[in-house]
Amino acid sequence: MDLIQSFSVDHTRIVPGIFLSREDNVGGGAVTTYDVRLKRPNREPVIDAAAMHSLEHIIATFLRNDPEWKDEVIYWGPMGCMTGFYLILKGKRAPREIYGLLLNAFKSVGEAETVPGAAPVNCGHYLMHNLGMAKWYAAEFADYLEANADNPAIFEYPRAERLVTDDGQKFFDS
């Protein structure tokens, strides 16, 4: 069985940033998945589940209401490892091209007075939200993005090196 593309990223070297995870053609059109990584995997504590949930609601609402981008947004949701989010957009763009959109999205969290859709009729776990911590994580990431805007490491995945045996088999260490 082939290792999926996101597992070919060297998670021991990845830093927070905006990365191109994969590009696909769906129904004749391009679709791009981005890895929006807020935490260093396996090095930093993961994002608190309630704050992650609030970030999901607030940023999804921001993205789907942004006049320039709302028709391009297919999906915004958390990674299972709780270190970041996936953003899926129509079209093909380099991560640097969506930098401004994501910076504004994370900055918008600081302005939120409530979590959109945090009611029993709108949300499957409406009590699991933490707006205060969501604001803290969002500000931390926005500050990081601004401080590292010229750092190519926040836009380019570190790829895992894979050993190849004498007979051409790739070795996956886990």
# chains A, B, ... in the order shown; residues from 1 in each chain; ligands from 1
call {"tool": "residues_around", "arguments": {"residues": "A:Arg43", "least_positions_apart": "4", "cutoff": "12 Å", "atoms": "only C-alpha atoms", "output": "PDB file with N, CA, C and O atoms, in the first residue's frame"}}
result
ATOM      1  N   HIS A  11       7.817  15.263   9.575  1.00  0.00           N
ATOM      2  CA  HIS A  11       7.164  15.915  10.705  1.00  0.00           C
ATOM      3  C   HIS A  11       8.134  16.256  11.836  1.00  0.00           C
ATOM      4  O   HIS A  11       7.766  16.965  12.764  1.00  0.00           O
ATOM      5  N   THR A  12       9.365  15.794  11.757  1.00  0.00           N
ATOM      6  CA  THR A  12      10.352  16.168  12.768  1.00  0.00           C
ATOM      7  C   THR A  12      10.982  17.518  12.444  1.00  0.00           C
ATOM      8  O   THR A  12      11.641  18.106  13.288  1.00  0.00           O
ATOM      9  N   ARG A  13      10.800  17.988  11.199  1.00  0.00           N
ATOM     10  CA  ARG A  13      11.417  19.249  10.781  1.00  0.00           C
ATOM     11  C   ARG A  13      10.409  20.332  10.384  1.00  0.00           C
ATOM     12  O   ARG A  13      10.802  21.465  10.134  1.00  0.00           O
ATOM     13  N   ILE A  14       9.134  20.009  10.336  1.00  0.00           N
ATOM     14  CA  ILE A  14       8.148  21.000   9.896  1.00  0.00           C
ATOM     15  C   ILE A  14       7.987  22.101  10.945  1.00  0.00           C
ATOM     16  O   ILE A  14       8.065  21.843  12.147  1.00  0.00           O
ATOM     17  N   VAL A  15       7.818  23.309  10.472  1.00  0.00           N
ATOM     18  CA  VAL A  15       7.587  24.461  11.340  1.00  0.00           C
ATOM     19  C   VAL A  15       6.179  24.982  11.062  1.00  0.00           C
ATOM     20  O   VAL A  15       5.575  24.629  10.056  1.00  0.00           O
ATOM     21  N   PRO A  16       5.642  25.811  11.931  1.00  0.00           N
ATOM     22  CA  PRO A  16       4.352  26.417  11.610  1.00  0.00           C
ATOM     23  C   PRO A  16       4.434  27.169  10.280  1.00  0.00           C
ATOM     24  O   PRO A  16       5.471  27.752   9.942  1.00  0.00           O
ATOM     25  N   LEU A  38      -0.128  25.292  12.753  1.00  0.00           N
ATOM     26  CA  LEU A  38       0.062  26.261  13.825  1.00  0.00           C
ATOM     27  C   LEU A  38       1.126  25.836  14.835  1.00  0.00           C
ATOM     28  O   LEU A  38       1.702  26.683  15.522  1.00  0.00           O
ATOM     29  N   LYS A  39       1.356  24.547  14.961  1.00  0.00           N
ATOM     30  CA  LYS A  39       2.269  24.011  15.980  1.00  0.00           C
ATOM     31  C   LYS A  39       3.275  23.059  15.352  1.00  0.00           C
ATOM     32  O   LYS A  39       2.976  22.383  14.380  1.00  0.00           O
ATOM     33  N   THR A  83      -2.566  19.926  15.358  1.00  0.00           N
ATOM     34  CA  THR A  83      -1.477  20.898  15.216  1.00  0.00           C
ATOM     35  C   THR A  83      -1.785  21.946  14.159  1.00  0.00           C
ATOM     36  O   THR A  83      -0.989  22.857  13.949  1.00  0.00           O
TER      37      THR A  83
END
call {"tool": "residues_around", "arguments": {"residues": "stretch 28-35 of chain A", "least_positions_apart": "3", "cutoff": "12 Å", "atoms": "only C-alpha atoms", "output": "PyMOL selection string"}}
result
chain A and resi 5-6+9+14-25+38-39+72-79+82-99+102+154-157
call {"tool": "select_by_dssp", "arguments": {"residues": "stretch 35-127 of chain A", "states": "helix (DSSP H, G or I)", "output": "PyMOL selection string"}}
result
chain A and resi 49-63+95-109
call {"tool": "write_last_selection", "arguments": {"atoms": "C-alpha atoms", "output": "PDB file, in the first residue's frame"}}
result
ATOM      1  CA  ALA A  49      -9.723  20.846  21.539  1.00  0.00           C
ATOM      2  CA  ALA A  50     -12.233  23.512  22.588  1.00  0.00           C
ATOM      3  CA  ALA A  51     -10.066  26.315  21.170  1.00  0.00           C
ATOM      4  CA  MET A  52      -9.528  24.300  17.964  1.00  0.00           C
ATOM      5  CA  HIS A  53     -13.286  23.916  17.622  1.00  0.00           C
ATOM      6  CA  SER A  54     -13.792  27.664  18.083  1.00  0.00           C
ATOM      7  CA  LEU A  55     -11.047  28.455  15.556  1.00  0.00           C
ATOM      8  CA  GLU A  56     -12.744  26.109  13.099  1.00  0.00           C
ATOM      9  CA  HIS A  57     -16.091  27.910  13.448  1.00  0.00           C
ATOM     10  CA  ILE A  58     -14.731  31.466  13.388  1.00  0.00           C
ATOM     11  CA  ILE A  59     -12.275  31.016  10.520  1.00  0.00           C
ATOM     12  CA  ALA A  60     -14.681  28.926   8.424  1.00  0.00           C
ATOM     13  CA  THR A  61     -17.213  31.738   8.799  1.00  0.00           C
ATOM     14  CA  PHE A  62     -14.594  34.346   7.884  1.00  0.00           C
ATOM     15  CA  LEU A  63     -13.434  32.425   4.804  1.00  0.00           C
ATOM     16  CA  PRO A  95       0.981  29.027  -0.436  1.00  0.00           C
ATOM     17  CA  ARG A  96       2.375  32.578  -0.598  1.00  0.00           C
ATOM     18  CA  GLU A  97      -0.680  33.580  -2.640  1.00  0.00           C
ATOM     19  CA  ILE A  98      -3.043  32.765   0.234  1.00  0.00           C
ATOM     20  CA  TYR A  99      -0.810  34.243   2.941  1.00  0.00           C
ATOM     21  CA  GLY A 100      -2.841  37.474   3.161  1.00  0.00           C
ATOM     22  CA  LEU A 101      -6.141  35.622   3.309  1.00  0.00           C
ATOM     23  CA  LEU A 102      -4.990  33.421   6.172  1.00  0.00           C
ATOM     24  CA  LEU A 103      -3.277  36.232   8.037  1.00  0.00           C
ATOM     25  CA  ASN A 104      -6.532  38.227   7.906  1.00  0.00           C
ATOM     26  CA  ALA A 105      -8.550  35.151   8.906  1.00  0.00           C
ATOM     27  CA  PHE A 106      -6.459  34.584  12.024  1.00  0.00           C
ATOM     28  CA  LYS A 107      -6.474  38.285  12.878  1.00  0.00           C
ATOM     29  CA  SER A 108     -10.272  38.280  12.609  1.00  0.00           C
ATOM     30  CA  VAL A 109     -10.481  35.835  15.514  1.00  0.00           C
TER      31      VAL A 109
END
call {"tool": "atom_distance", "arguments": {"atom1": "atom CA of A:Pro152", "atom2": "atom CA of A:Asp10"}}
result
16.0 Å
call {"tool": "select_by_dssp", "arguments": {"residues": "chain A", "states": "strand (DSSP E)", "output": "PyMOL selection string"}}
result
chain A and resi 17-26+29-37+73-78+84-90+163-164+170-171
call {"tool": "write_last_selection", "arguments": {"atoms": "C-alpha atoms", "output": "PDB file, in the first residue's frame"}}
result
ATOM      1  CA  GLY A  17       3.337  27.818   8.242  1.00  0.00           C
ATOM      2  CA  ILE A  18       1.198  27.484   5.120  1.00  0.00           C
ATOM      3  CA  PHE A  19       2.061  24.523   2.910  1.00  0.00           C
ATOM      4  CA  LEU A  20       0.755  23.013  -0.285  1.00  0.00           C
ATOM      5  CA  SER A  21      -0.397  19.557   0.763  1.00  0.00           C
ATOM      6  CA  ARG A  22      -1.784  18.287  -2.551  1.00  0.00           C
ATOM      7  CA  GLU A  23      -3.261  19.338  -5.875  1.00  0.00           C
ATOM      8  CA  ASP A  24      -6.070  17.393  -7.532  1.00  0.00           C
ATOM      9  CA  ASN A  25      -8.306  17.665 -10.555  1.00  0.00           C
ATOM     10  CA  VAL A  26     -11.938  17.223  -9.610  1.00  0.00           C
ATOM     11  CA  GLY A  29     -11.176  21.758 -12.247  1.00  0.00           C
ATOM     12  CA  ALA A  30      -8.145  22.125 -10.019  1.00  0.00           C
ATOM     13  CA  VAL A  31      -8.529  21.771  -6.260  1.00  0.00           C
ATOM     14  CA  THR A  32      -5.688  22.491  -3.834  1.00  0.00           C
ATOM     15  CA  THR A  33      -5.343  21.323  -0.241  1.00  0.00           C
ATOM     16  CA  TYR A  34      -3.221  23.440   2.088  1.00  0.00           C
ATOM     17  CA  ASP A  35      -1.724  22.445   5.417  1.00  0.00           C
ATOM     18  CA  VAL A  36      -2.076  25.417   7.758  1.00  0.00           C
ATOM     19  CA  ARG A  37       0.235  24.328  10.557  1.00  0.00           C
ATOM     20  CA  VAL A  73     -13.484  27.859  -0.410  1.00  0.00           C
ATOM     21  CA  ILE A  74     -14.406  24.185  -0.360  1.00  0.00           C
ATOM     22  CA  TYR A  75     -13.359  23.166   3.148  1.00  0.00           C
ATOM     23  CA  TRP A  76     -11.729  24.408   6.347  1.00  0.00           C
ATOM     24  CA  GLY A  77     -11.237  21.919   9.172  1.00  0.00           C
ATOM     25  CA  PRO A  78      -8.872  20.660  11.862  1.00  0.00           C
ATOM     26  CA  GLY A  84      -3.266  22.784  12.460  1.00  0.00           C
ATOM     27  CA  PHE A  85      -5.972  22.891   9.818  1.00  0.00           C
ATOM     28  CA  TYR A  86      -6.608  21.887   6.233  1.00  0.00           C
ATOM     29  CA  LEU A  87      -7.904  24.454   3.780  1.00  0.00           C
ATOM     30  CA  ILE A  88      -9.203  23.257   0.419  1.00  0.00           C
ATOM     31  CA  LEU A  89      -9.635  25.849  -2.325  1.00  0.00           C
ATOM     32  CA  LYS A  90     -10.669  25.734  -5.954  1.00  0.00           C
ATOM     33  CA  LEU A 163      15.843   4.891   1.867  1.00  0.00           C
ATOM     34  CA  VAL A 164      15.720   2.827  -1.316  1.00  0.00           C
ATOM     35  CA  LYS A 170      11.283   2.313  -0.772  1.00  0.00           C
ATOM     36  CA  PHE A 171      11.738   1.886   2.944  1.00  0.00           C
TER      37      PHE A 171
END
call {"tool": "decode", "arguments": {"residues": "stretch 124-139 of chain A", "atoms": "all heavy atoms", "output": "compact mmCIF listing (two decimals), in the first residue's frame"}}
result
# COMPACT_ATOMS: atom_id res chain seq x y z
N GLY A 124 -22.55 20.12 16.53
CA GLY A 124 -22.62 18.80 17.14
C GLY A 124 -22.07 18.70 18.55
O GLY A 124 -22.31 17.72 19.24
N HIS A 125 -21.32 19.68 18.97
CA HIS A 125 -20.80 19.71 20.35
C HIS A 125 -20.68 21.18 20.76
O HIS A 125 -19.60 21.69 21.00
CB HIS A 125 -19.46 18.99 20.42
CG HIS A 125 -19.03 18.59 21.79
ND1 HIS A 125 -19.66 18.97 22.95
CD2 HIS A 125 -18.00 17.80 22.18
CE1 HIS A 125 -19.05 18.45 23.99
NE2 HIS A 125 -18.03 17.73 23.55
N TYR A 126 -21.83 21.83 20.83
CA TYR A 126 -21.88 23.28 21.01
C TYR A 126 -21.29 23.78 22.32
O TYR A 126 -20.92 24.95 22.43
CB TYR A 126 -23.31 23.80 20.83
CG TYR A 126 -24.21 23.59 22.02
CD1 TYR A 126 -24.45 24.63 22.91
CD2 TYR A 126 -24.79 22.35 22.28
CE1 TYR A 126 -25.26 24.45 24.02
CE2 TYR A 126 -25.60 22.16 23.37
CZ TYR A 126 -25.83 23.21 24.24
OH TYR A 126 -26.63 23.02 25.33
N LEU A 127 -21.17 22.92 23.31
CA LEU A 127 -20.60 23.35 24.59
C LEU A 127 -19.07 23.31 24.59
O LEU A 127 -18.44 23.84 25.50
CB LEU A 127 -21.13 22.47 25.73
CG LEU A 127 -22.63 22.61 26.02
CD1 LEU A 127 -23.06 21.61 27.08
CD2 LEU A 127 -22.97 24.04 26.43
N MET A 128 -18.47 22.67 23.59
CA MET A 128 -17.02 22.54 23.54
C MET A 128 -16.41 23.68 22.72
O MET A 128 -15.99 23.50 21.57
CB MET A 128 -16.61 21.19 22.95
CG MET A 128 -15.11 20.93 23.09
SD MET A 128 -14.55 19.40 22.31
CE MET A 128 -14.58 19.88 20.59
N HIS A 129 -16.39 24.85 23.28
CA HIS A 129 -15.77 26.02 22.65
C HIS A 129 -14.99 26.78 23.71
O HIS A 129 -15.36 26.76 24.89
CB HIS A 129 -16.83 26.94 22.02
CG HIS A 129 -17.38 26.40 20.76
ND1 HIS A 129 -16.71 26.47 19.56
CD2 HIS A 129 -18.55 25.76 20.50
CE1 HIS A 129 -17.43 25.90 18.62
NE2 HIS A 129 -18.56 25.46 19.16
N ASN A 130 -13.95 27.47 23.26
CA ASN A 130 -13.17 28.31 24.16
C ASN A 130 -12.68 29.51 23.35
O ASN A 130 -11.61 29.47 22.74
CB ASN A 130 -11.99 27.53 24.75
CG ASN A 130 -11.26 28.33 25.82
OD1 ASN A 130 -11.24 29.55 25.80
ND2 ASN A 130 -10.65 27.61 26.75
N LEU A 131 -13.49 30.55 23.34
CA LEU A 131 -13.18 31.74 22.55
C LEU A 131 -11.90 32.42 23.04
O LEU A 131 -11.08 32.85 22.22
CB LEU A 131 -14.35 32.72 22.58
CG LEU A 131 -14.18 34.02 21.81
CD1 LEU A 131 -13.87 33.76 20.33
CD2 LEU A 131 -15.42 34.90 21.96
N GLY A 132 -11.69 32.49 24.33
CA GLY A 132 -10.49 33.14 24.86
C GLY A 132 -9.21 32.47 24.38
O GLY A 132 -8.28 33.13 23.92
N MET A 133 -9.17 31.14 24.46
CA MET A 133 -7.98 30.43 24.00
C MET A 133 -7.86 30.46 22.48
O MET A 133 -6.76 30.52 21.94
CB MET A 133 -7.99 28.98 24.50
CG MET A 133 -7.61 28.85 25.97
SD MET A 133 -6.02 29.62 26.42
CE MET A 133 -4.86 28.72 25.41
N ALA A 134 -8.98 30.45 21.78
CA ALA A 134 -8.95 30.58 20.31
C ALA A 134 -8.29 31.90 19.93
O ALA A 134 -7.46 31.95 19.01
CB ALA A 134 -10.35 30.48 19.73
N LYS A 135 -8.63 32.97 20.62
CA LYS A 135 -8.02 34.27 20.36
C LYS A 135 -6.52 34.22 20.62
O LYS A 135 -5.74 34.80 19.87
CB LYS A 135 -8.69 35.35 21.22
CG LYS A 135 -10.08 35.70 20.77
CD LYS A 135 -10.67 36.81 21.62
CE LYS A 135 -12.04 37.19 21.12
NZ LYS A 135 -12.47 38.49 21.62
N TRP A 136 -6.12 33.54 21.69
CA TRP A 136 -4.70 33.45 22.02
C TRP A 136 -3.94 32.71 20.93
O TRP A 136 -2.91 33.19 20.45
CB TRP A 136 -4.54 32.75 23.38
CG TRP A 136 -3.12 32.75 23.84
CD1 TRP A 136 -2.50 33.73 24.57
CD2 TRP A 136 -2.13 31.76 23.59
NE1 TRP A 136 -1.18 33.39 24.78
CE2 TRP A 136 -0.94 32.18 24.20
CE3 TRP A 136 -2.14 30.54 22.92
CZ2 TRP A 136 0.24 31.43 24.15
CZ3 TRP A 136 -0.98 29.80 22.86
CH2 TRP A 136 0.19 30.24 23.47
N TYR A 137 -4.41 31.54 20.52
CA TYR A 137 -3.75 30.77 19.46
C TYR A 137 -3.73 31.53 18.14
O TYR A 137 -2.73 31.51 17.42
CB TYR A 137 -4.45 29.42 19.24
CG TYR A 137 -4.19 28.39 20.30
CD1 TYR A 137 -5.22 27.94 21.12
CD2 TYR A 137 -2.92 27.83 20.48
CE1 TYR A 137 -5.00 26.97 22.08
CE2 TYR A 137 -2.69 26.86 21.45
CZ TYR A 137 -3.74 26.43 22.23
OH TYR A 137 -3.52 25.47 23.20
N ALA A 138 -4.82 32.20 17.83
CA ALA A 138 -4.90 32.95 16.56
C ALA A 138 -3.90 34.10 16.57
O ALA A 138 -3.21 34.33 15.56
CB ALA A 138 -6.32 33.47 16.34
N ALA A 139 -3.81 34.83 17.67
CA ALA A 139 -2.85 35.94 17.76
C ALA A 139 -1.42 35.42 17.69
O ALA A 139 -0.57 36.02 17.01
CB ALA A 139 -3.07 36.72 19.05
